[in-house]
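Taking it in order: structure first as structure tokens, then the write-up.
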Amino acid sequence: MSQLNRRSFAALTGLTGLSALLSRPNAAAAMSDASAMPLAIQSNNATPARTRALRFAHFTDLHITPDRPSEPGMKQAFETAQADGIEMILTGGDLIMDSFATKRAQVDREWALLHKLFAEHCKVPVEHCLGNHDIFGFCLSKAGLKGDESDFGYARALAELKLAARWRSFDRNGWHFIVLSSVERDPKDECGYLAYLTDEQRAWLEADLAATKLPTVVVSHVPIITVTPAVRGGETERKNDQTVISGGLVHLDAPTVHGVFRKAGNVKLVLSGHTHLIDRCVADGVTYCCSGAVCGGWWKPHKTYCEPTYALIDLFSDGTFDYSVKPTGWTNP
Ligand SMILES: [Fe+2]
């Protein structure tokens, strides 16, 4: 997430869902413990006979930079997750501290450190998702770009990570994974952004889901559904007796995307980051989880945001899953 200006919207539909959620005892507990750890979740229909198909880690909001202790912090996170027996890391975006509004020389340093850390400490396959801070120079004035550079925007991160496209899917051990790309430019604010799926991406999502019967995990950087704005404050405002949530904080098209998941029927777990907080919401059988942040509060002690965390996820061959948020073992000095 970011302190960048965000155009706001009244999330009336989302708040209707939130209201229903808050009436549930478990949801209320999740909210009140939104920055606490660990948060363990067992999906519905769990049985003792389940066969584990894949154990992986969701690493979101790494915010790697040589200017803060992300090197020892990331080393510890890799060691902790790999000691847990993970077979894959699925990142959640905001991989580097910032390239959205940062000059090229600093962006070069951050990507260089990211590559060094993954090369030295990561022993399992990695699948990357991109966040707002991984987009190069959308804020032209602060990045010192014109916008016609060959690595402007998403191009830089795609090249750094050798990705062919912003959104994609893949299968692993009997499960389907969908990686979404949440962040678009805000036409009314040069240094702002909005979270939604373009028509092209939404059509791709619908077609991709229609082509698989496998149980599915979705990851986006910006949450599609989350209760974290109600927890933290400062990101919502009361306006004309409505609660207004920034369109850069939560997906503007949440009802539409959730409708796509409902129609597909096989989307089990939807992961996100961005808020640096921990929560879970269950809506119509789809579980939405914010997995905190590997960097905690941007590699500094912070009263509001979570401690350095990652999510440990077991997927089972019967389509169920276990999800828990764990400390990385690193404490920001
Ligand atoms: Fe972030």
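By order in the structure tokens, chains are A, B, ...; within a chain, residues start at 1; ligands start at 1, following the order shown.
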Item to check | Env. residues ligand 1 / 12 Å / only C-alpha atoms and all ligand atoms / as an NGL selection string | outcome: :A and (1-4 or 59-64 or 91-100 or 130-134 or 221-223 or 248-249 or 272-277 or 290-299 or 305-306 or 308)
Go ahead and write the selection's residues with N, CA and C atoms as a tab-separated table (two decimals), in the first residue's frame.
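Result file part.tsv:
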```
chain	number	residue	atom	x	y	z
A	1	MET	N	0.83	-1.18	0.00
A	1	MET	CA	0.00	0.00	0.00
A	1	MET	C	0.86	1.23	0.00
A	2	SER	N	0.27	2.37	-0.12
A	2	SER	CA	1.06	3.55	-0.35
A	2	SER	C	0.36	4.76	0.24
A	3	GLN	N	1.14	5.77	0.48
A	3	GLN	CA	0.55	7.02	0.93
A	3	GLN	C	0.17	7.91	-0.24
A	4	LEU	N	0.34	7.42	-1.47
A	4	LEU	CA	0.00	8.20	-2.64
A	4	LEU	C	-1.48	8.54	-2.62
A	59	PHE	N	4.34	-14.75	0.05
A	59	PHE	CA	5.21	-13.65	0.48
A	59	PHE	C	4.69	-12.37	-0.18
A	60	THR	N	4.09	-11.50	0.59
A	60	THR	CA	3.61	-10.27	-0.02
A	60	THR	C	4.26	-9.05	0.61
A	61	ASP	N	4.36	-7.99	-0.17
A	61	ASP	CA	4.89	-6.71	0.33
A	61	ASP	C	6.27	-6.87	0.96
A	62	LEU	N	7.21	-7.21	0.09
A	62	LEU	CA	8.60	-7.39	0.51
A	62	LEU	C	9.31	-6.05	0.65
A	63	HIS	N	9.03	-5.14	-0.27
A	63	HIS	CA	9.59	-3.78	-0.23
A	63	HIS	C	11.11	-3.79	-0.03
A	64	ILE	N	11.77	-4.54	-0.89
A	64	ILE	CA	13.22	-4.70	-0.76
A	64	ILE	C	13.95	-3.41	-1.13
A	91	THR	N	4.59	-14.80	-4.64
A	91	THR	CA	4.69	-13.46	-4.08
A	91	THR	C	3.38	-12.70	-4.32
A	92	GLY	N	3.25	-11.58	-3.59
A	92	GLY	CA	2.02	-10.82	-3.67
A	92	GLY	C	2.21	-9.39	-4.13
A	93	GLY	N	3.39	-9.07	-4.64
A	93	GLY	CA	3.62	-7.72	-5.14
A	93	GLY	C	4.21	-6.78	-4.11
A	94	ASP	N	4.52	-5.57	-4.57
A	94	ASP	CA	5.37	-4.64	-3.82
A	94	ASP	C	6.66	-5.36	-3.45
A	95	LEU	N	7.31	-5.84	-4.49
A	95	LEU	CA	8.52	-6.63	-4.32
A	95	LEU	C	9.68	-5.74	-3.92
A	96	ILE	N	9.77	-4.56	-4.51
A	96	ILE	CA	10.80	-3.59	-4.15
A	96	ILE	C	10.15	-2.41	-3.42
A	97	MET	N	10.99	-1.63	-2.76
A	97	MET	CA	10.44	-0.55	-1.93
A	97	MET	C	9.54	0.37	-2.75
A	98	ASP	N	10.10	0.86	-3.86
A	98	ASP	CA	9.25	1.68	-4.74
A	98	ASP	C	9.95	1.97	-6.06
A	99	SER	N	9.17	1.85	-7.12
A	99	SER	CA	9.62	2.39	-8.40
A	99	SER	C	8.55	3.27	-9.03
A	100	PHE	N	7.44	3.40	-8.35
A	100	PHE	CA	6.29	4.16	-8.87
A	100	PHE	C	6.61	5.65	-8.94
A	130	LEU	N	2.63	-8.71	-9.22
A	130	LEU	CA	3.14	-7.34	-9.18
A	130	LEU	C	2.23	-6.42	-8.39
A	131	GLY	N	2.86	-5.47	-7.67
A	131	GLY	CA	2.11	-4.49	-6.90
A	131	GLY	C	2.32	-3.08	-7.42
A	132	ASN	N	1.67	-2.14	-6.79
A	132	ASN	CA	1.76	-0.75	-7.24
A	132	ASN	C	3.19	-0.22	-7.20
A	133	HIS	N	3.96	-0.64	-6.21
A	133	HIS	CA	5.32	-0.12	-6.10
A	133	HIS	C	6.28	-0.74	-7.11
A	134	ASP	N	5.84	-1.78	-7.81
A	134	ASP	CA	6.69	-2.42	-8.82
A	134	ASP	C	6.54	-1.78	-10.20
A	221	HIS	N	-2.50	-8.20	-5.90
A	221	HIS	CA	-1.81	-7.37	-4.90
A	221	HIS	C	-2.82	-6.62	-4.03
A	222	VAL	N	-3.68	-5.88	-4.66
A	222	VAL	CA	-4.70	-5.13	-3.93
A	222	VAL	C	-5.84	-6.09	-3.57
A	223	PRO	N	-6.32	-6.03	-2.34
A	223	PRO	CA	-7.41	-6.94	-1.96
A	223	PRO	C	-8.66	-6.69	-2.80
A	248	GLY	N	-7.88	3.02	-4.50
A	248	GLY	CA	-6.56	2.40	-4.62
A	248	GLY	C	-6.28	1.42	-3.51
A	249	LEU	N	-7.17	1.37	-2.52
A	249	LEU	CA	-6.93	0.50	-1.36
A	249	LEU	C	-7.58	-0.87	-1.54
A	272	SER	N	-4.12	-11.75	-1.04
A	272	SER	CA	-3.71	-10.39	-1.38
A	272	SER	C	-2.76	-9.87	-0.33
A	273	GLY	N	-2.26	-8.66	-0.57
A	273	GLY	CA	-1.40	-7.97	0.38
A	273	GLY	C	-1.84	-6.52	0.43
A	274	HIS	N	-0.89	-5.60	0.21
A	274	HIS	CA	-1.17	-4.18	0.01
A	274	HIS	C	-1.46	-3.43	1.31
A	275	THR	N	-2.26	-4.00	2.18
A	275	THR	CA	-2.66	-3.25	3.39
A	275	THR	C	-1.66	-3.41	4.52
A	276	HIS	N	-0.74	-4.37	4.42
A	276	HIS	CA	0.20	-4.68	5.51
A	276	HIS	C	-0.57	-5.03	6.79
A	277	LEU	N	-1.70	-5.63	6.61
A	277	LEU	CA	-2.52	-6.11	7.73
A	277	LEU	C	-3.01	-7.52	7.39
A	290	CYS	N	-5.87	-11.41	3.45
A	290	CYS	CA	-4.72	-10.50	3.39
A	290	CYS	C	-3.62	-11.10	4.26
A	291	SER	N	-2.47	-11.28	3.67
A	291	SER	CA	-1.40	-12.03	4.36
A	291	SER	C	-0.37	-11.13	5.03
A	292	GLY	N	-0.73	-9.91	5.39
A	292	GLY	CA	0.21	-9.05	6.09
A	292	GLY	C	1.29	-8.52	5.17
A	293	ALA	N	2.54	-8.53	5.64
A	293	ALA	CA	3.66	-8.05	4.83
A	293	ALA	C	4.95	-8.67	5.35
A	294	VAL	N	5.76	-9.14	4.42
A	294	VAL	CA	7.06	-9.70	4.83
A	294	VAL	C	7.91	-8.61	5.47
A	295	CYS	N	7.74	-7.37	5.03
A	295	CYS	CA	8.53	-6.26	5.59
A	295	CYS	C	7.88	-5.66	6.84
A	296	GLY	N	6.70	-6.16	7.23
A	296	GLY	CA	5.98	-5.53	8.34
A	296	GLY	C	5.63	-4.11	7.98
A	297	GLY	N	6.11	-3.18	8.77
A	297	GLY	CA	5.89	-1.76	8.49
A	297	GLY	C	7.06	-1.15	7.74
A	298	TRP	N	7.29	-1.66	6.53
A	298	TRP	CA	8.36	-1.13	5.66
A	298	TRP	C	9.73	-1.21	6.32
A	299	TRP	N	9.98	-2.34	6.99
A	299	TRP	CA	11.28	-2.63	7.62
A	299	TRP	C	11.59	-1.67	8.77
A	305	TYR	N	0.81	-1.19	11.55
A	305	TYR	CA	0.84	-2.30	10.62
A	305	TYR	C	1.35	-3.56	11.29
A	306	CYS	N	1.30	-4.67	10.56
A	306	CYS	CA	1.65	-5.97	11.13
A	306	CYS	C	3.16	-6.09	11.33
A	308	PRO	N	6.58	-8.43	10.63
A	308	PRO	CA	6.95	-9.18	9.42
A	308	PRO	C	6.31	-10.58	9.41
```
Please report as a Markdown table every residue of region 228-288 of chain A lying within 9 Å of region 317-331 of chain A, along with the nearest atom pair and their distance in Å (one decimal), using only C-alpha atoms.
```
| residue | atom | partner | partner_atom | distance |
| --- | --- | --- | --- | --- |
| A:Asn266 | CA | A:Gly319 | CA | 8.6 |
| A:Lys268 | CA | A:Thr320 | CA | 7.6 |
| A:Leu269 | CA | A:Phe321 | CA | 8.2 |
| A:Ile278 | CA | A:Val325 | CA | 7.8 |
```
For the residues in that selection, give me C-alpha atoms as a PDB file, in the first residue's frame.
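The resulting out39.pdb:
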```pdb
ATOM      1  CA  ASN A 266     -14.026 -23.581  -8.127  1.00  0.00           C
ATOM      2  CA  LYS A 268     -11.316 -21.574  -3.111  1.00  0.00           C
ATOM      3  CA  LEU A 269      -8.790 -19.039  -1.882  1.00  0.00           C
ATOM      4  CA  ILE A 278      -3.949  -9.572   8.275  1.00  0.00           C
TER       5      ILE A 278
END
```
Item to check | 9 Å contact set for Ile225 (chain A), only C-alpha atoms, chain neighbours under 3 positions out, as a list in words | outcome: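 Close residues of Ile225 (chain A): Gly14, Leu18, Val250, His251, Ala254, Pro255, His258, Val270, Arg280, Cys281, Ala283, Tyr288 and Cys289 of chain A.
The two atoms in question, CA of Ala53 (chain A) and CA of Phe316 (chain A), are spaced 4.9 Å apart.
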Next on the checklist: For Lys213 (chain A), find every residue with an atom within 9 Å (counting only C-alpha atoms), except residues of its own chain fewer than 2 positions away, and show them as a list in words.
Outcome noted: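 Near Lys213 (chain A), the qualifying residues are His176, Leu209, Ala210, Ala211, Pro215, Thr216, Ala264, Gly265 and Asn266 of chain A.
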Next on the checklist: If DSSP is run on the backbone, what residues of region 82-292 of chain A are helix (DSSP H, G or I)? A reply as a ChimeraX atom specification would be ideal.
Outcome noted: /A:82-83,104-121,132-134,140-143,154-160,199-210,228-232,254-264
Item to check | Length of the CA of Thr102 (chain A) to CA of Lys300 (chain A) vector [Å] | outcome: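 About the pair CA of Thr102 (chain A) and CA of Lys300 (chain A): they are 19.5 Å apart.
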Next on the checklist: Quick check, in Å to one decimal: how far apart do CA of His58 (chain A) and CA of Arg104 (chain A) lie?
Outcome noted: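 Between CA of His58 (chain A) and CA of Arg104 (chain A) the gap works out to 28.2 Å.
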Checklist entry - Could you write out, as a PyMOL selection string, all the residues of region 66-178 of chain A that DSSP marks as strand (DSSP E or B)? => result chain A and resi 88-91+96+126-127+136+153+168-172+175-178
Output file for the selection above: C-alpha atoms, as a PDB file, in the first residue's frame:
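In the end it all went to result35.pdb:
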```
ATOM      1  CA  MET A  88       6.933 -22.867  -3.779  1.00  0.00           C
ATOM      2  CA  ILE A  89       6.792 -19.158  -3.032  1.00  0.00           C
ATOM      3  CA  LEU A  90       3.933 -17.132  -4.493  1.00  0.00           C
ATOM      4  CA  THR A  91       4.689 -13.458  -4.082  1.00  0.00           C
ATOM      5  CA  ILE A  96      10.798  -3.590  -4.151  1.00  0.00           C
ATOM      6  CA  VAL A 126       8.930 -18.650  -7.276  1.00  0.00           C
ATOM      7  CA  GLU A 127       5.862 -17.227  -9.015  1.00  0.00           C
ATOM      8  CA  PHE A 136       8.125   2.087 -12.901  1.00  0.00           C
ATOM      9  CA  GLY A 153       5.328   1.260 -16.327  1.00  0.00           C
ATOM     10  CA  ARG A 168      -1.351 -15.328 -16.120  1.00  0.00           C
ATOM     11  CA  SER A 169      -2.298 -18.736 -14.778  1.00  0.00           C
ATOM     12  CA  PHE A 170      -0.608 -22.073 -14.235  1.00  0.00           C
ATOM     13  CA  ASP A 171      -1.343 -25.479 -12.730  1.00  0.00           C
ATOM     14  CA  ARG A 172       0.609 -27.050  -9.900  1.00  0.00           C
ATOM     15  CA  TRP A 175      -4.498 -26.966  -8.357  1.00  0.00           C
ATOM     16  CA  HIS A 176      -4.951 -23.998 -10.655  1.00  0.00           C
ATOM     17  CA  PHE A 177      -3.284 -20.656  -9.859  1.00  0.00           C
ATOM     18  CA  ILE A 178      -4.357 -17.285 -11.246  1.00  0.00           C
TER      19      ILE A 178
END
```
Checklist entry - Using only C-alpha atoms, which of A:Ala164, A:Asn240, A:Asp151, A:Asn332 sits nearest Thr309 (chain A)? => result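 Of all the options, A:Asn332 lies closest to Thr309 (chain A).
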